[in-house]
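Have a look at coords_27.txt below; it lists compact mmCIF, C-alpha atoms and all ligand atoms.
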# COMPACT_ATOMS: atom_id res chain seq x y z
CA MET Y 1269 0.00 0.00 0.00
CA ALA Y 1270 1.27 3.52 -0.81
CA ASP Y 1271 2.50 5.68 2.11
CA PRO Y 1272 -0.08 8.23 3.32
CA PRO Y 1273 0.74 11.84 2.41
CA ALA Y 1274 3.24 13.42 4.81
CA LEU Y 1275 0.87 16.41 5.09
CA SER Y 1276 -2.65 17.10 3.97
CA VAL Y 1277 -4.17 20.45 4.93
CA SER Y 1278 -7.78 21.14 3.88
CA ASP Y 1279 -9.71 24.36 4.23
CA LEU Y 1280 -7.55 25.56 7.15
CA THR Y 1281 -8.82 28.80 8.64
CA VAL Y 1282 -7.18 30.56 11.60
CA ARG Y 1283 -8.96 33.40 13.41
CA LEU Y 1284 -7.30 35.80 15.86
CA GLY Y 1285 -10.12 37.79 17.43
CA SER Y 1286 -11.96 39.45 14.57
CA ALA Y 1287 -9.07 38.95 12.07
CA THR Y 1288 -8.77 35.93 9.76
CA PRO Y 1289 -5.06 35.79 8.84
CA VAL Y 1290 -5.40 32.27 7.32
CA ALA Y 1291 -8.52 31.66 5.22
CA GLY Y 1292 -9.28 28.26 3.66
CA VAL Y 1293 -5.74 27.00 2.96
CA ASP Y 1294 -5.21 23.64 1.22
CA LEU Y 1295 -1.72 22.06 1.08
CA HIS Y 1296 -0.49 18.62 0.15
CA ILE Y 1297 2.97 17.03 0.53
CA ARG Y 1298 3.58 13.44 -0.53
CA ALA Y 1299 5.80 11.23 1.66
CA GLY Y 1300 9.36 12.45 1.10
CA GLY Y 1301 8.23 15.56 -0.85
CA ARG Y 1302 9.43 19.14 -0.36
CA LEU Y 1303 6.98 22.06 -0.53
CA ALA Y 1304 7.89 25.73 -0.11
CA LEU Y 1305 5.17 27.97 1.34
CA LEU Y 1306 6.14 31.30 -0.15
CA GLY Y 1307 4.73 34.74 0.58
CA ALA Y 1308 5.42 38.31 1.62
CA SER Y 1309 5.61 39.31 5.27
CA GLY Y 1310 2.22 38.99 7.01
CA SER Y 1311 0.68 36.70 4.39
CA GLY Y 1312 -0.09 33.98 6.97
CA LYS Y 1313 2.77 31.52 6.38
CA SER Y 1314 3.93 31.20 10.00
CA LEU Y 1315 0.42 30.76 11.39
CA THR Y 1316 -0.18 28.01 8.81
CA ALA Y 1317 3.12 26.38 9.87
CA ALA Y 1318 2.14 26.73 13.54
CA ALA Y 1319 -1.21 24.99 12.89
CA VAL Y 1320 0.68 22.13 11.22
CA ALA Y 1321 3.26 21.91 14.03
CA GLY Y 1322 0.68 22.18 16.86
CA CYS Y 1323 1.90 25.45 18.33
CA LEU Y 1324 -0.70 28.08 17.46
CA PRO Y 1325 -0.94 30.97 19.95
CA PRO Y 1326 -3.59 30.30 22.64
CA ILE Y 1327 -5.86 33.06 21.34
CA ALA Y 1328 -6.07 31.47 17.86
CA ARG Y 1329 -9.20 29.61 16.77
CA ALA Y 1330 -8.57 27.10 13.96
CA HIS Y 1331 -11.01 25.22 11.70
CA GLY Y 1332 -10.58 22.76 8.86
CA SER Y 1333 -8.29 19.76 8.76
CA VAL Y 1334 -4.56 19.11 9.21
CA GLN Y 1335 -3.48 15.50 8.69
CA VAL Y 1336 0.12 14.44 9.35
CA GLY Y 1337 0.96 10.97 8.05
CA GLY Y 1338 -2.78 10.30 7.71
CA THR Y 1339 -3.70 11.30 11.30
CA GLU Y 1340 -5.89 14.33 12.08
CA VAL Y 1341 -3.93 16.67 14.39
CA LEU Y 1342 -5.39 20.17 14.05
CA HIS Y 1343 -6.70 20.36 17.61
CA ARG Y 1344 -3.81 18.39 19.13
CA PRO Y 1345 -0.95 20.49 20.50
CA ALA Y 1346 2.52 19.16 19.61
CA ALA Y 1347 3.08 17.46 22.98
CA ARG Y 1348 -0.18 15.45 22.76
CA ARG Y 1349 0.37 14.00 19.31
CA ALA Y 1350 1.01 10.32 18.62
CA ALA Y 1351 4.61 9.59 17.59
CA ALA Y 1352 3.65 8.95 13.94
CA ALA Y 1353 1.93 12.35 13.71
CA ARG Y 1354 4.72 14.43 15.29
CA VAL Y 1355 6.35 17.18 13.30
CA GLY Y 1356 9.95 18.38 13.59
CA LEU Y 1357 10.13 22.16 13.80
CA VAL Y 1358 13.06 24.43 12.97
CA VAL Y 1359 12.33 28.12 13.43
CA GLN Y 1360 14.08 31.38 12.61
CA ASP Y 1361 15.05 32.12 16.19
CA SER Y 1362 16.85 28.99 17.37
CA ALA Y 1363 17.64 30.71 20.69
CA THR Y 1364 14.01 30.28 21.78
CA ALA Y 1365 13.65 26.75 20.38
CA LEU Y 1366 16.14 25.19 22.80
CA ASN Y 1367 15.97 25.04 26.61
CA PRO Y 1368 18.51 27.69 27.71
CA MET Y 1369 19.09 25.90 31.03
CA ALA Y 1370 19.98 22.44 29.68
CA ARG Y 1371 23.18 21.30 27.99
CA ILE Y 1372 22.87 20.41 24.30
CA GLY Y 1373 23.85 16.77 24.96
CA ARG Y 1374 20.94 16.28 27.37
CA GLN Y 1375 18.46 17.95 25.00
CA LEU Y 1376 19.52 15.73 22.11
CA ARG Y 1377 19.60 12.49 24.14
CA GLU Y 1378 16.11 12.97 25.61
CA PRO Y 1379 14.02 12.19 22.48
CA LEU Y 1380 16.28 9.24 21.68
CA ARG Y 1381 15.85 7.81 25.19
CA ARG Y 1382 12.07 8.32 24.81
CA ARG Y 1383 12.31 6.26 21.60
CA GLY Y 1384 13.73 3.44 23.73
CA LEU Y 1385 17.45 3.71 22.96
CA SER Y 1386 19.85 2.70 25.74
CA ARG Y 1387 22.05 5.42 27.26
CA ALA Y 1388 25.06 4.23 25.22
CA ALA Y 1389 23.08 3.91 21.97
CA ALA Y 1390 21.59 7.40 22.47
CA ALA Y 1391 25.06 8.88 23.05
CA ALA Y 1392 26.37 7.22 19.88
CA GLU Y 1393 23.36 8.42 17.87
CA VAL Y 1394 23.76 12.00 19.15
CA ASP Y 1395 27.38 11.95 18.02
CA LEU Y 1396 26.29 10.76 14.55
CA LEU Y 1397 23.49 13.32 14.33
CA LEU Y 1398 25.79 16.25 15.16
CA ARG Y 1399 28.39 15.10 12.64
CA GLY Y 1400 25.53 14.64 10.14
CA VAL Y 1401 24.61 18.32 10.45
CA GLY Y 1402 28.19 19.42 9.98
CA LEU Y 1403 29.25 19.79 13.66
CA ASN Y 1404 32.34 17.64 13.31
CA ASP Y 1405 33.69 18.18 16.81
CA PRO Y 1406 30.61 17.20 18.87
CA GLU Y 1407 32.18 16.98 22.36
CA PRO Y 1408 32.41 20.71 23.22
CA ILE Y 1409 28.96 21.31 21.67
CA LEU Y 1410 27.42 18.55 23.79
CA ARG Y 1411 28.77 20.12 26.98
CA SER Y 1412 27.55 23.62 26.04
CA HIS Y 1413 24.37 25.45 26.93
CA PRO Y 1414 22.54 26.98 23.90
CA GLY Y 1415 23.66 30.53 24.77
CA ALA Y 1416 27.31 29.57 24.30
CA LEU Y 1417 26.82 28.58 20.64
CA SER Y 1418 26.78 30.75 17.51
CA GLY Y 1419 23.49 31.22 15.64
CA GLY Y 1420 24.65 28.84 12.91
CA GLN Y 1421 25.68 26.16 15.42
CA ARG Y 1422 22.33 26.49 17.24
CA GLN Y 1423 20.43 26.17 13.96
CA ARG Y 1424 22.36 22.97 13.15
CA VAL Y 1425 21.60 21.64 16.67
CA CYS Y 1426 17.88 22.40 16.11
CA LEU Y 1427 17.99 20.47 12.85
CA ALA Y 1428 19.75 17.55 14.61
CA LEU Y 1429 17.06 17.67 17.33
CA ALA Y 1430 14.28 17.56 14.73
CA LEU Y 1431 15.99 14.63 12.99
CA ALA Y 1432 16.50 12.82 16.34
CA CYS Y 1433 12.72 12.62 16.67
CA GLU Y 1434 12.54 10.58 13.41
CA VAL Y 1435 9.51 12.48 12.17
CA GLY Y 1436 7.89 12.04 8.75
CA LEU Y 1437 7.56 15.81 8.31
CA LEU Y 1438 9.93 18.65 9.07
CA VAL Y 1439 8.57 22.22 9.20
CA ALA Y 1440 11.29 24.83 8.70
CA ASP Y 1441 10.00 28.38 9.24
CA GLU Y 1442 12.51 30.84 7.73
CA PRO Y 1443 15.33 28.79 9.30
CA THR Y 1444 18.14 30.79 7.70
CA THR Y 1445 16.86 34.38 7.95
CA ALA Y 1446 18.93 35.22 11.04
CA LEU Y 1447 22.18 33.75 9.67
CA ASP Y 1448 25.02 35.22 7.60
CA VAL Y 1449 25.01 34.24 3.91
CA VAL Y 1450 27.72 31.60 4.16
CA THR Y 1451 25.99 29.84 7.08
CA GLN Y 1452 22.64 30.24 5.29
CA ALA Y 1453 23.97 28.32 2.30
CA ALA Y 1454 25.37 25.58 4.57
CA VAL Y 1455 22.09 25.14 6.48
CA LEU Y 1456 20.09 25.05 3.20
CA GLU Y 1457 22.46 22.40 1.85
CA LEU Y 1458 21.91 20.36 5.02
CA LEU Y 1459 18.15 20.59 4.60
CA ARG Y 1460 18.57 19.43 1.00
CA GLN Y 1461 20.67 16.45 2.11
CA ARG Y 1462 18.64 15.42 5.16
CA THR Y 1463 15.06 15.78 3.87
CA GLY Y 1464 13.06 14.44 0.94
CA GLY Y 1465 13.43 11.19 -0.99
CA ALA Y 1466 12.75 7.67 0.25
CA GLY Y 1467 14.61 7.82 3.60
CA GLY Y 1468 14.28 11.43 4.78
CA PRO Y 1469 11.35 13.34 6.22
CA ALA Y 1470 9.15 15.46 3.96
CA LEU Y 1471 9.73 19.21 4.23
CA LEU Y 1472 7.40 22.20 4.58
CA PHE Y 1473 9.73 25.15 4.04
CA ILE Y 1474 8.47 28.65 4.90
CA THR Y 1475 10.14 31.52 3.09
CA HIS Y 1476 9.67 34.87 1.36
CA ASP Y 1477 12.66 34.13 -0.93
CA ILE Y 1478 11.55 32.60 -4.24
CA ALA Y 1479 15.13 31.76 -5.28
CA VAL Y 1480 15.68 29.69 -2.13
CA ALA Y 1481 12.21 28.11 -2.48
CA ALA Y 1482 12.91 27.02 -6.05
CA SER Y 1483 16.40 25.72 -5.34
CA LEU Y 1484 15.31 23.56 -2.39
CA CYS Y 1485 11.75 22.43 -3.11
CA ASP Y 1486 9.97 20.51 -5.87
CA GLU Y 1487 6.75 22.45 -5.38
CA ILE Y 1488 5.76 25.95 -4.34
CA ALA Y 1489 2.50 27.27 -2.87
CA VAL Y 1490 2.23 31.07 -2.82
CA MET Y 1491 0.28 32.78 -0.02
CA ASP Y 1492 -1.14 36.27 -0.15
CA ALA Y 1493 -3.40 37.84 2.50
CA GLY Y 1494 -4.12 34.48 4.15
CA VAL Y 1495 -5.00 32.61 0.95
CA VAL Y 1496 -3.01 30.24 -1.31
CA VAL Y 1497 -3.17 32.10 -4.62
CA GLU Y 1498 -0.97 29.86 -6.76
CA ARG Y 1499 0.68 26.45 -6.53
CA GLY Y 1500 2.63 24.11 -8.77
CA PRO Y 1501 6.05 22.70 -9.66
CA ALA Y 1502 8.76 25.15 -8.55
CA ALA Y 1503 10.29 25.52 -12.04
CA GLN Y 1504 6.89 26.33 -13.54
CA ILE Y 1505 6.02 28.95 -10.89
CA VAL Y 1506 9.36 30.71 -11.43
CA ALA Y 1507 9.21 30.56 -15.25
CA ALA Y 1508 5.55 31.53 -15.62
CA PRO Y 1509 4.15 33.17 -12.47
CA GLY Y 1510 0.40 33.48 -12.77
CA HIS Y 1511 -0.50 35.73 -9.83
CA PRO Y 1512 0.56 39.34 -9.16
CA ALA Y 1513 1.78 38.37 -5.64
CA THR Y 1514 4.18 35.81 -7.16
CA ARG Y 1515 5.36 38.35 -9.76
CA ARG Y 1516 6.05 40.86 -6.97
CA LEU Y 1517 8.22 38.29 -5.13
CA ILE Y 1518 10.14 37.54 -8.35
CA ASP Y 1519 10.57 41.28 -9.08
CA SER Y 1520 11.94 41.94 -5.58
CA ALA Y 1521 14.41 39.04 -6.03
CA HIS Y 1522 15.51 40.63 -9.34
CA ASP Y 1523 15.91 44.02 -7.60
CA ILE Y 1524 18.23 42.47 -4.99
CA GLU Y 1525 20.24 40.77 -7.77
CA ARG Y 1526 20.49 44.08 -9.70
CA ASP Y 1527 21.66 45.93 -6.56
CA LEU Y 1528 24.29 43.26 -5.98
CA VAL Y 1529 25.59 43.50 -9.55
CA ALA Y 1530 25.68 47.31 -9.29
CA ALA Y 1531 27.53 47.16 -5.95
CA THR Y 1532 30.06 44.70 -7.38
CA ARG Y 1533 30.73 47.02 -10.37
CA TRP Y 1534 31.03 50.01 -8.01
CA ALA Y 1535 33.53 48.17 -5.80
CA SER Y 1536 35.74 46.99 -8.70
N1 LIG E 1 0.05 35.97 18.05
C1 LIG E 1 -0.51 36.85 17.20
N2 LIG E 1 -1.37 37.79 17.66
C2 LIG E 1 -1.95 38.68 16.82
N3 LIG E 1 -1.72 38.72 15.49
C3 LIG E 1 -0.88 37.83 14.97
C4 LIG E 1 -0.22 36.84 15.79
N4 LIG E 1 0.57 36.07 14.98
C5 LIG E 1 0.40 36.57 13.74
N5 LIG E 1 -0.46 37.61 13.72
C6 LIG E 1 -0.87 38.37 12.53
O1 LIG E 1 -1.37 37.48 11.55
C7 LIG E 1 -0.92 37.85 10.26
C8 LIG E 1 -0.15 36.70 9.61
O2 LIG E 1 1.03 36.46 10.39
P1 LIG E 1 2.12 35.38 10.01
O3 LIG E 1 3.16 35.44 11.10
O4 LIG E 1 1.48 34.06 9.77
O5 LIG E 1 2.69 35.97 8.63
P2 LIG E 1 3.99 35.53 7.82
O6 LIG E 1 3.56 35.38 6.40
O7 LIG E 1 4.63 34.35 8.46
O8 LIG E 1 4.91 36.80 7.97
P3 LIG E 1 6.51 36.91 8.23
O9 LIG E 1 7.16 36.45 6.97
O10 LIG E 1 6.71 38.36 8.50
O11 LIG E 1 6.82 36.04 9.41
C9 LIG E 1 -0.07 39.11 10.43
O12 LIG E 1 -0.89 40.22 10.17
C10 LIG E 1 0.33 39.06 11.89
O13 LIG E 1 0.49 40.37 12.39

Go through the file and emit its structure as structure tokens.
Amino acid sequence: MADPPALSVSDLTVRLGSATPVAGVDLHIRAGGRLALLGASGSGKSLTAAAVAGCLPPIARAHGSVQVGGTEVLHRPAARRAAAARVGLVVQDSATALNPMARIGRQLREPLRRRGLSRAAAAAEVDLLLRGVGLNDPEPILRSHPGALSGGQRQRVCLALALACEVGLLVADEPTTALDVVTQAAVLELLRQRTGGAGGPALLFITHDIAVAASLCDEIAVMDAGVVVERGPAAQIVAAPGHPATRRLIDSAHDIERDLVAATRWAS
């Protein structure tokens, strides 16, 4: 039998008081697929991601359906979800995603111990996970508290933590926005290597950057004012954008590229 979709969102609506920042969103990611949810600031991407990950703000009222791995989870906060319906979450601000009081080693071993690994097996797996996300000298990282790490190191630890939970779906909400360009490229490459395909988790990648969306994901869904206005294969959306919101995102990417070329000429 075919695997159930990693994510199936139908008619998702999120209300915050009298505002409706997410209005009737449908999304679909096949097992091992990668979808970018693309949109300008305030278009409703993060609230959609929060509904999927089970961490909407308490004042939010959500309707519709969110199925992870075939299980309905919309009204189940992250901590109350069955293991098969858990979602790994990597957010922009990794400083808030980790417990500031606990050493990295403990935070990474915990989910592995919960999965039934022995103390020794969990320690070996943590070592592998950190090396797998490019932290090739794990010992000092394991002994550190989150505040002692750089933003790039913390983001890699968050990715390792999400992978330690062996989820079928990873939600990455602007995971590289707070990083310098070199570290951004490294973290994006890691996401490319560690998600998608037969073995890795599916990916819901939240971004306002169409170039990043198209380079990492097979499909793109564009949000504008709480609604998905366009969706399709990434190459097709970039080559032939059908909605003004998508064209605006492409134009702003071209503007940045033009500025960069002009600055390079100026400097040389
Ligand atoms: N906790 C909250 N309380 C009140 N309003 C909120 C809350 N979270 C989001 N909003 C509002 O809902 C709308 C959508 O927010 P959301 O964070 O989903 O947008 P976004 O597309 O992710 O934007 P960005 O790229 O800037 O993060 C915005 O107008 C935002 O101000």

As lines of an AutoDock Vina configuration file, please report the centre and edge lengths, rounded to one decimal in Å, of the axis-aligned box that holds all listed atoms of range 1384-1391 of chain Y with 3 Å of padding on each of the six sides.
center_x = 19.4
center_y = 5.8
center_z = 24.6
size_x = 17.3
size_y = 12.2
size_z = 11.3

Counting all atoms listed in the file, what are the residues, protein, DNA or RNA alike, that approach ligand LIG 1 (chain E) to within 10 Å? I want them as a compact mmCIF listing (two decimals) with C-alpha atoms, keeping the file's coordinate frame.
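Output below, filename pocket25.txt:
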# COMPACT_ATOMS: atom_id res chain seq x y z
CA VAL Y 1282 -7.18 30.56 11.60
CA ARG Y 1283 -8.96 33.40 13.41
CA LEU Y 1284 -7.30 35.80 15.86
CA GLY Y 1285 -10.12 37.79 17.43
CA ALA Y 1287 -9.07 38.95 12.07
CA THR Y 1288 -8.77 35.93 9.76
CA PRO Y 1289 -5.06 35.79 8.84
CA VAL Y 1290 -5.40 32.27 7.32
CA LEU Y 1305 5.17 27.97 1.34
CA LEU Y 1306 6.14 31.30 -0.15
CA GLY Y 1307 4.73 34.74 0.58
CA ALA Y 1308 5.42 38.31 1.62
CA SER Y 1309 5.61 39.31 5.27
CA GLY Y 1310 2.22 38.99 7.01
CA SER Y 1311 0.68 36.70 4.39
CA GLY Y 1312 -0.09 33.98 6.97
CA LYS Y 1313 2.77 31.52 6.38
CA SER Y 1314 3.93 31.20 10.00
CA LEU Y 1315 0.42 30.76 11.39
CA THR Y 1316 -0.18 28.01 8.81
CA ALA Y 1317 3.12 26.38 9.87
CA ALA Y 1318 2.14 26.73 13.54
CA ALA Y 1319 -1.21 24.99 12.89
CA LEU Y 1324 -0.70 28.08 17.46
CA PRO Y 1325 -0.94 30.97 19.95
CA PRO Y 1326 -3.59 30.30 22.64
CA ILE Y 1327 -5.86 33.06 21.34
CA ALA Y 1328 -6.07 31.47 17.86
CA GLN Y 1360 14.08 31.38 12.61
CA ASP Y 1441 10.00 28.38 9.24
CA GLU Y 1442 12.51 30.84 7.73
CA THR Y 1445 16.86 34.38 7.95
CA ILE Y 1474 8.47 28.65 4.90
CA THR Y 1475 10.14 31.52 3.09
CA HIS Y 1476 9.67 34.87 1.36
CA ASP Y 1477 12.66 34.13 -0.93
CA MET Y 1491 0.28 32.78 -0.02
CA ASP Y 1492 -1.14 36.27 -0.15
CA ALA Y 1493 -3.40 37.84 2.50
CA GLY Y 1494 -4.12 34.48 4.15

List every residue of range 1348-1442 of chain Y that has an atom at most 10 Å from any atom of range 1448-1472 of chain Y, and for each one report the closest atom pair and its distance in Å to one decimal, counting all atoms listed in the file, with rows sorted by chain and then by increasing residue number, as CSV.
residue,atom,partner,partner_atom,distance
Y:Val1355,CA,Y:Pro1469,CA,9.5
Y:Gly1356,CA,Y:Pro1469,CA,9.0
Y:Leu1357,CA,Y:Leu1472,CA,9.6
Y:Gly1400,CA,Y:Leu1458,CA,8.5
Y:Val1401,CA,Y:Leu1458,CA,6.4
Y:Gly1402,CA,Y:Leu1458,CA,8.1
Y:Gly1419,CA,Y:Thr1451,CA,9.0
Y:Gly1420,CA,Y:Thr1451,CA,6.1
Y:Gln1421,CA,Y:Thr1451,CA,9.1
Y:Gln1423,CA,Y:Val1455,CA,7.7
Y:Arg1424,CA,Y:Val1455,CA,7.0
Y:Leu1427,CA,Y:Leu1459,CA,8.3
Y:Ala1428,CA,Y:Arg1462,CA,9.8
Y:Ala1430,CA,Y:Pro1469,CA,9.9
Y:Leu1431,CA,Y:Arg1462,CA,8.3
Y:Glu1434,CA,Y:Pro1469,CA,7.8
Y:Val1435,CA,Y:Pro1469,CA,6.3
Y:Gly1436,CA,Y:Pro1469,CA,4.5
Y:Leu1437,CA,Y:Ala1470,CA,4.6
Y:Leu1438,CA,Y:Leu1471,CA,4.9
Y:Val1439,CA,Y:Leu1472,CA,4.8
Y:Ala1440,CA,Y:Leu1472,CA,6.2
Y:Asp1441,CA,Y:Leu1472,CA,8.2

Writing out the chosen residues with C-alpha atoms as a CSV table (one decimal), in the frame of the given file:
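Written output follows (selection_29.csv):
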chain,number,residue,atom,x,y,z
Y,1355,VAL,CA,6.4,17.2,13.3
Y,1356,GLY,CA,10.0,18.4,13.6
Y,1357,LEU,CA,10.1,22.2,13.8
Y,1400,GLY,CA,25.5,14.6,10.1
Y,1401,VAL,CA,24.6,18.3,10.4
Y,1402,GLY,CA,28.2,19.4,10.0
Y,1419,GLY,CA,23.5,31.2,15.6
Y,1420,GLY,CA,24.6,28.8,12.9
Y,1421,GLN,CA,25.7,26.2,15.4
Y,1423,GLN,CA,20.4,26.2,14.0
Y,1424,ARG,CA,22.4,23.0,13.2
Y,1427,LEU,CA,18.0,20.5,12.8
Y,1428,ALA,CA,19.8,17.6,14.6
Y,1430,ALA,CA,14.3,17.6,14.7
Y,1431,LEU,CA,16.0,14.6,13.0
Y,1434,GLU,CA,12.5,10.6,13.4
Y,1435,VAL,CA,9.5,12.5,12.2
Y,1436,GLY,CA,7.9,12.0,8.8
Y,1437,LEU,CA,7.6,15.8,8.3
Y,1438,LEU,CA,9.9,18.6,9.1
Y,1439,VAL,CA,8.6,22.2,9.2
Y,1440,ALA,CA,11.3,24.8,8.7
Y,1441,ASP,CA,10.0,28.4,9.2

Point to revise | Nearest to Val1490 in chain Y, chosen from Y:Cys1433, Y:Ala1508, Y:Ala1513, Y:Ala1388, with only C-alpha atoms counted in the distances | key: Y:Ala1513

Exercise for review: Would you list the contacts of Ser1276 in chain Y as a ChimeraX atom specification, taking every protein, DNA or RNA residue within 9 Å and counting all atoms listed in the file, but skipping same-chain residues closer than 2 positions in sequence?
Suggested key: /Y:1273-1274,1278,1294-1298,1333-1338

Writer output for current selection, C-alpha atoms, as a CSV table (one decimal), in the frame of the given file:
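As a result, selection.csv now contains:
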chain,number,residue,atom,x,y,z
Y,1273,PRO,CA,0.7,11.8,2.4
Y,1274,ALA,CA,3.2,13.4,4.8
Y,1278,SER,CA,-7.8,21.1,3.9
Y,1294,ASP,CA,-5.2,23.6,1.2
Y,1295,LEU,CA,-1.7,22.1,1.1
Y,1296,HIS,CA,-0.5,18.6,0.2
Y,1297,ILE,CA,3.0,17.0,0.5
Y,1298,ARG,CA,3.6,13.4,-0.5
Y,1333,SER,CA,-8.3,19.8,8.8
Y,1334,VAL,CA,-4.6,19.1,9.2
Y,1335,GLN,CA,-3.5,15.5,8.7
Y,1336,VAL,CA,0.1,14.4,9.4
Y,1337,GLY,CA,1.0,11.0,8.0
Y,1338,GLY,CA,-2.8,10.3,7.7

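Here the question is which of Y:Leu1342, Y:Ile1478, Y:Ala1389, Y:Cys1323 gets nearest to Arg1516 in chain Y using only C-alpha atoms, and that residue is Y:Ile1478.
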
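For the pair CA of Ala1351 in chain Y and CA of Pro1443 in chain Y, the separation is 23.5 Å.
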
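Distances here use only C-alpha atoms; by that measure, the residue among Y:Ala1489, Y:Leu1376, Y:Ala1363, Y:Ile1505 closest to Ser1418 in chain Y is Y:Ala1363.
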
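CA of Gly1384 in chain Y is found 22.7 Å from CA of Arg1411 in chain Y.
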